[in-house]
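To start, the structure under review is shown below, and the notes come after it.
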Amino acid sequence: MHSDPGQPLVTDAAPPAWRLSRRRAMGASLIALALLAWIWLLPAEDAAGNPLAVAALLGAAFGLVLQRGRFCFYCNATDWLAQRRPQGLLAIIIALAVGIAAHALIVSGWLSDPSSGRLPLDGHIGPVSWVLFAAALIFGLGMAMSGSCLSAHLYRLGEGHLASILALIGALVGFVAGFALWNPIYVHLIHGAPTLWLPNHLGYGGSVLLAMAILGGLAWALTRWQRPSPDAPNSALPATPSLAQQLFARKWGPALTGVAVGLIAIAAYVRLAPLGVTAELGSIARGLGGGLGLLPERLEGLDSLRGCATVVKEQLWSANGVFVIGLVLASWASAVAAGECRPSWPRPWVAGRIFLGGILLGFGAMIAVGCTVGVLLSGIMIGAVSGWVFALGCFLGLGLGWWIRQRLARS
């Protein structure tokens, strides 16, 4: 059997006590120190006045939670589809519940009368149309083809999943394609679509009650029809485990993961901007596409929409860019400490599928102006109907893509 070089050999008799080997501790410490040094050297603010150190630290916290909690929308959904294991989806539900309650409390202090028709500052509240649903469906298919959502591809880079590089390059191509087709899509299909914020119609109490009822019903259904399959322990822990053992010996449970994601989303909204990971990727694609003459000179209405904004960069660092870098570096340090950083490269035909999946991810995220983090998480937390529409389309596309992959695998 194979084992981590820093751990004793695993036998079938009993799992050994997990320990943080000197080699892994040194590697994780060096990555963490490099991350902190980089944050120290960052400029104070980006062009929009956002504090870059705060963005990097929030990104690092998000990367740690994603890696330790295995917070991947595709992985969590397929755990349920294939094995009826609800833990991952419950983590998403808990994150949404924490975020919904906190966002309503925060926004009500800024906008006391939601019935006025005004929208909260910077909230990811997008236009609702069948185009949004179709973009989410495409994004879900991209998740199934590439094996992850965009945020998971970022944290899986830290685990040595080099195929995620192909998915991210494909996403750049998808973004460029989305920008190239944006004007006719917006003018003929999106322009004039309603921007629906639930508190405008139900008040804060009503919108929170409705969201919690939906989430509670989903949680009940997941636990009601789960398949009993207790996980075999991957390591033995002493009666009084050390901090390292508590953090890195096992994957975090849904409660800890969900609450942590919810708290990070709250901190990001109050201190920086709504949680999102695609703005930097889209901005790079917009700059490349424009520089190559592939995009129209004007992208109609795009910069007025709420979501993961994409702009042509005028300086090196942006808040979302350093957020993403912090995410990747922290997930790398976490994976090294846990012994889960195992560099791998896919077979050629798998690499092609992942690249094509990345194109669908990028195209869907561009048309929806965000992904599972920016539209689904941040949108639902703020009370946007667009978040719920994206969630429905995304999970239907994911399920369809998963079913197709299962059928092809059996043929």
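In the structure tokens, each chain is lettered A, B, ... as it comes, each chain's residues begin at 1, and ligands are numbered from 1 in order of appearance.
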Do you know which residues are at most 7 Å from stretch 34-48 of chain A counting only C-alpha atoms, after dropping those on the same chain fewer than 5 positions away, and could you put them as a ChimeraX atom specification? /A:53,56,317-319,329
Identify, on the basis of only C-alpha atoms, every residue whose closest approach to A:Gly192 does not exceed 10 Å; exclude the query and any residue fewer than 6 positions from it along the same chain; express the result as a list in words. Pro127, Val128, Ser129 and Tyr186 of chain A
How close does stretch 210-279 of chain A get to stretch 111-122 of chain A? List, as a Markdown table, each residue of stretch 210-279 of chain A within 12 Å, its nearest atom pair and the distance in Å to one decimal, counting only C-alpha atoms.
| residue | atom | partner | partner_atom | distance |
| --- | --- | --- | --- | --- |
| A:Ala268 | CA | A:Asp122 | CA | 11.6 |
| A:Tyr269 | CA | A:Asp122 | CA | 8.5 |
| A:Val270 | CA | A:Asp122 | CA | 10.3 |
| A:Arg271 | CA | A:Asp122 | CA | 11.8 |
| A:Leu272 | CA | A:Asp122 | CA | 10.0 |
| A:Ala273 | CA | A:Asp122 | CA | 7.0 |
| A:Pro274 | CA | A:Asp122 | CA | 7.2 |
| A:Leu275 | CA | A:Asp122 | CA | 10.9 |
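The smallest atom-to-atom distance between A:Ile266 and any of A:Phe139, A:Phe62, A:Trp402, A:Phe133, using only C-alpha atoms, is found for A:Phe62.
Proximity ranking of A:Ala368, A:Trp388, A:Gly379, A:Ala333 relative to A:Leu30 places A:Ala333 first, based on only C-alpha atoms.
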In Å to one decimal, how far is atom CA of A:Ala285 from atom CA of A:Leu172? 5.4 Å
Residue contacts of A:Gly88 (7 Å, only C-alpha atoms) excluding same-chain residues fewer than 3 positions away, as a PDB file with C-alpha atoms, in the first residue's frame:
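The resulting file, result_20.pdb, is shown below:
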ATOM      1  CA  PHE A  71     -16.592  22.686  -0.932  1.00  0.00           C
ATOM      2  CA  ASN A  76     -21.123  17.698  -3.572  1.00  0.00           C
ATOM      3  CA  ALA A  91     -22.697  22.411   3.659  1.00  0.00           C
ATOM      4  CA  ILE A  92     -23.972  24.581   0.775  1.00  0.00           C
ATOM      5  CA  PRO A 254     -20.837  20.259   6.674  1.00  0.00           C
TER       6      PRO A 254
END
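Within the 8 Å cut-off around A:Thr195, using only C-alpha atoms and omitting residues fewer than 2 positions from it on the same chain, the listed residues are Ile125, Gly126, Pro127, Val128, Ala193, Trp197 and Ser386 of chain A.
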Residues just named, written with N, CA and C atoms as a short mmCIF file (atom, residue, chain, number, x, y, z; two decimals), in the first residue's frame:
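Everything below was put into part20.cif:
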data_model
loop_
_atom_site.label_atom_id
_atom_site.label_comp_id
_atom_site.auth_asym_id
_atom_site.auth_seq_id
_atom_site.Cartn_x
_atom_site.Cartn_y
_atom_site.Cartn_z
N ILE A 125 -27.55 41.24 -7.91
CA ILE A 125 -28.96 41.06 -8.23
C ILE A 125 -29.10 41.29 -9.73
N GLY A 126 -29.19 40.22 -10.49
CA GLY A 126 -29.16 40.33 -11.93
C GLY A 126 -30.54 40.24 -12.56
N PRO A 127 -30.64 40.57 -13.86
CA PRO A 127 -31.91 40.45 -14.58
C PRO A 127 -32.31 38.98 -14.70
N VAL A 128 -33.60 38.75 -14.58
CA VAL A 128 -34.13 37.38 -14.61
C VAL A 128 -34.78 37.13 -15.97
N ALA A 193 -35.28 42.79 -19.19
CA ALA A 193 -35.65 41.73 -18.25
C ALA A 193 -35.70 42.29 -16.83
N TRP A 197 -35.65 41.61 -6.70
CA TRP A 197 -35.07 41.46 -5.35
C TRP A 197 -36.22 41.15 -4.40
N SER A 386 -32.46 36.06 -9.22
CA SER A 386 -31.49 35.56 -10.19
C SER A 386 -30.62 34.45 -9.61
#
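If only C-alpha atoms are the atoms counted, then among A:Tyr155, A:Trp18, A:Trp182, A:Phe175 the closest residue to A:Gly289 is A:Phe175.
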So which bits of stretch 58-214 of chain A end up alpha helix (DSSP H) when you DSSP the backbone, as number ranges by chain? A: 58-69, 73-83, 87-110, 130-146, 150-158, 163-185, 198-214
Kindly export the residues of the current selection with C-alpha atoms, as an mmCIF file, in the first residue's frame.
data_model
loop_
_atom_site.group_PDB
_atom_site.id
_atom_site.type_symbol
_atom_site.label_atom_id
_atom_site.label_comp_id
_atom_site.auth_asym_id
_atom_site.auth_seq_id
_atom_site.Cartn_x
_atom_site.Cartn_y
_atom_site.Cartn_z
ATOM 1 C CA LEU A 58 -10.305 36.822 2.648
ATOM 2 C CA GLY A 59 -9.216 34.849 -0.399
ATOM 3 C CA ALA A 60 -6.779 32.859 1.744
ATOM 4 C CA ALA A 61 -9.503 32.097 4.271
ATOM 5 C CA PHE A 62 -11.829 31.018 1.466
ATOM 6 C CA GLY A 63 -9.162 28.781 -0.060
ATOM 7 C CA LEU A 64 -8.511 27.085 3.283
ATOM 8 C CA VAL A 65 -12.211 26.407 3.824
ATOM 9 C CA LEU A 66 -12.771 25.177 0.266
ATOM 10 C CA GLN A 67 -9.855 22.739 0.510
ATOM 11 C CA ARG A 68 -10.521 21.410 3.999
ATOM 12 C CA GLY A 69 -14.290 21.236 3.510
ATOM 13 C CA PHE A 73 -20.561 22.198 -6.106
ATOM 14 C CA TYR A 74 -19.961 19.414 -8.635
ATOM 15 C CA CYS A 75 -18.395 17.013 -6.122
ATOM 16 C CA ASN A 76 -21.123 17.698 -3.572
ATOM 17 C CA ALA A 77 -23.881 17.172 -6.107
ATOM 18 C CA THR A 78 -22.417 13.950 -7.516
ATOM 19 C CA ASP A 79 -21.930 12.595 -3.987
ATOM 20 C CA TRP A 80 -25.702 12.742 -3.760
ATOM 21 C CA LEU A 81 -26.441 11.553 -7.283
ATOM 22 C CA ALA A 82 -24.109 8.563 -7.121
ATOM 23 C CA GLN A 83 -24.142 7.583 -3.444
ATOM 24 C CA GLN A 87 -23.036 16.078 3.535
ATOM 25 C CA GLY A 88 -21.624 18.279 0.776
ATOM 26 C CA LEU A 89 -24.983 19.686 -0.291
ATOM 27 C CA LEU A 90 -25.858 20.287 3.361
ATOM 28 C CA ALA A 91 -22.697 22.411 3.659
ATOM 29 C CA ILE A 92 -23.972 24.581 0.775
ATOM 30 C CA ILE A 93 -27.404 24.861 2.417
ATOM 31 C CA ILE A 94 -25.866 25.855 5.764
ATOM 32 C CA ALA A 95 -23.648 28.467 4.079
ATOM 33 C CA LEU A 96 -26.690 29.939 2.346
ATOM 34 C CA ALA A 97 -28.752 29.988 5.544
ATOM 35 C CA VAL A 98 -26.019 31.791 7.490
ATOM 36 C CA GLY A 99 -25.486 34.270 4.670
ATOM 37 C CA ILE A 100 -29.186 34.959 4.100
ATOM 38 C CA ALA A 101 -29.847 35.790 7.755
ATOM 39 C CA ALA A 102 -26.758 37.991 8.093
ATOM 40 C CA HIS A 103 -27.224 39.810 4.785
ATOM 41 C CA ALA A 104 -30.832 40.660 5.672
ATOM 42 C CA LEU A 105 -29.688 42.058 9.021
ATOM 43 C CA ILE A 106 -26.904 44.106 7.422
ATOM 44 C CA VAL A 107 -28.878 45.424 4.461
ATOM 45 C CA SER A 108 -31.865 46.373 6.636
ATOM 46 C CA GLY A 109 -29.561 48.762 8.467
ATOM 47 C CA TRP A 110 -28.627 50.435 5.179
ATOM 48 C CA TRP A 130 -34.611 32.473 -19.756
ATOM 49 C CA VAL A 131 -31.123 33.511 -20.919
ATOM 50 C CA LEU A 132 -29.900 33.383 -17.309
ATOM 51 C CA PHE A 133 -31.380 29.892 -16.941
ATOM 52 C CA ALA A 134 -29.746 28.777 -20.205
ATOM 53 C CA ALA A 135 -26.380 30.216 -19.147
ATOM 54 C CA ALA A 136 -26.647 28.366 -15.830
ATOM 55 C CA LEU A 137 -27.530 25.150 -17.679
ATOM 56 C CA ILE A 138 -24.428 25.574 -19.863
ATOM 57 C CA PHE A 139 -22.331 26.282 -16.777
ATOM 58 C CA GLY A 140 -23.667 23.112 -15.129
ATOM 59 C CA LEU A 141 -22.794 21.053 -18.204
ATOM 60 C CA GLY A 142 -19.316 22.602 -18.057
ATOM 61 C CA MET A 143 -18.971 21.479 -14.450
ATOM 62 C CA ALA A 144 -19.873 17.916 -15.406
ATOM 63 C CA MET A 145 -17.423 17.878 -18.331
ATOM 64 C CA SER A 146 -14.523 19.515 -16.498
ATOM 65 C CA LEU A 150 -14.497 27.391 -11.330
ATOM 66 C CA SER A 151 -13.895 27.988 -7.609
ATOM 67 C CA ALA A 152 -13.120 24.297 -7.109
ATOM 68 C CA HIS A 153 -10.709 24.288 -10.048
ATOM 69 C CA LEU A 154 -8.844 27.095 -8.276
ATOM 70 C CA TYR A 155 -8.489 25.277 -4.959
ATOM 71 C CA ARG A 156 -7.715 21.985 -6.704
ATOM 72 C CA LEU A 157 -4.680 23.674 -8.255
ATOM 73 C CA GLY A 158 -3.317 23.708 -4.728
ATOM 74 C CA ALA A 163 -5.803 19.488 -15.309
ATOM 75 C CA SER A 164 -7.499 22.479 -13.673
ATOM 76 C CA ILE A 165 -5.067 24.647 -15.643
ATOM 77 C CA LEU A 166 -6.699 23.334 -18.830
ATOM 78 C CA ALA A 167 -10.157 24.096 -17.451
ATOM 79 C CA LEU A 168 -9.140 27.664 -16.588
ATOM 80 C CA ILE A 169 -7.569 28.216 -20.011
ATOM 81 C CA GLY A 170 -10.759 26.854 -21.567
ATOM 82 C CA ALA A 171 -12.746 29.257 -19.367
ATOM 83 C CA LEU A 172 -10.762 32.172 -20.824
ATOM 84 C CA VAL A 173 -11.746 30.996 -24.311
ATOM 85 C CA GLY A 174 -15.371 30.690 -23.179
ATOM 86 C CA PHE A 175 -15.328 34.195 -21.750
ATOM 87 C CA VAL A 176 -13.985 35.618 -25.018
ATOM 88 C CA ALA A 177 -16.725 33.782 -26.944
ATOM 89 C CA GLY A 178 -19.331 35.162 -24.549
ATOM 90 C CA PHE A 179 -18.043 38.719 -24.954
ATOM 91 C CA ALA A 180 -18.031 38.333 -28.756
ATOM 92 C CA LEU A 181 -21.702 37.277 -28.736
ATOM 93 C CA TRP A 182 -22.798 39.552 -25.916
ATOM 94 C CA ASN A 183 -24.273 42.496 -27.842
ATOM 95 C CA PRO A 184 -26.993 40.618 -29.777
ATOM 96 C CA ILE A 185 -27.788 38.482 -26.725
ATOM 97 C CA LEU A 198 -37.314 39.534 -2.954
ATOM 98 C CA PRO A 199 -37.355 42.140 -0.134
ATOM 99 C CA ASN A 200 -38.871 44.668 -2.585
ATOM 100 C CA HIS A 201 -41.948 42.424 -2.715
ATOM 101 C CA LEU A 202 -41.942 40.405 0.536
ATOM 102 C CA GLY A 203 -39.996 42.590 2.940
ATOM 103 C CA TYR A 204 -36.941 41.342 4.790
ATOM 104 C CA GLY A 205 -38.896 38.994 7.039
ATOM 105 C CA GLY A 206 -40.899 37.470 4.220
ATOM 106 C CA SER A 207 -37.907 36.946 1.951
ATOM 107 C CA VAL A 208 -35.868 35.338 4.730
ATOM 108 C CA LEU A 209 -38.812 33.114 5.720
ATOM 109 C CA LEU A 210 -39.326 31.967 2.114
ATOM 110 C CA ALA A 211 -35.627 31.248 1.576
ATOM 111 C CA MET A 212 -35.324 29.361 4.854
ATOM 112 C CA ALA A 213 -38.417 27.304 4.031
ATOM 113 C CA ILE A 214 -36.909 26.299 0.682
#
With only C-alpha atoms as the basis for distance, which of A:Val259, A:Gly216, A:Gly123, A:Thr278 is at the shortest distance from A:Gly362? A:Thr278
Residue with the minimum atom-to-atom distance to A:Gly374, picked from A:Glu340, A:Ala265, A:Leu292, A:Trp349 with only C-alpha atoms counted, is A:Ala265
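With atom CA of A:Ala335 on one side and atom CA of A:Glu159 on the other, the separation reads 5.6 Å.
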Selection near stretch 342-344 of chain A, 7 Å with only C-alpha atoms, sequence-local residues under 6 positions removed, as a tab-separated table (two decimals) with N, CA and C atoms, in the first residue's frame:
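Output (result09.tsv):
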chain	number	residue	atom	x	y	z
A	159	GLU	N	-4.01	21.39	-4.79
A	159	GLU	CA	-3.88	19.96	-4.53
A	159	GLU	C	-3.06	19.25	-5.61
A	160	GLY	N	-2.55	20.02	-6.57
A	160	GLY	CA	-1.74	19.42	-7.63
A	160	GLY	C	-2.54	18.91	-8.80
A	161	HIS	N	-3.82	19.28	-8.89
A	161	HIS	CA	-4.67	18.83	-10.00
A	161	HIS	C	-4.37	19.71	-11.21
A	162	LEU	N	-3.33	19.36	-11.96
A	162	LEU	CA	-2.85	20.22	-13.04
A	162	LEU	C	-3.85	20.33	-14.18
Quick one: of A:Phe248, A:Phe323, A:Trp403, A:Phe363, who's nearest to A:Leu20, counting only C-alpha atoms? A:Phe248
Between atom CA of A:Ala391 and atom CA of A:Val373, measure the distance and give it in Å to one decimal. 10.4 Å
Among the residues of stretch 138-317 of chain A, find those DSSP assigns to strand (DSSP E or B) from the backbone and print them as a list of chain:residue names. A:His161, A:Thr195, A:Trp197, A:Ala236
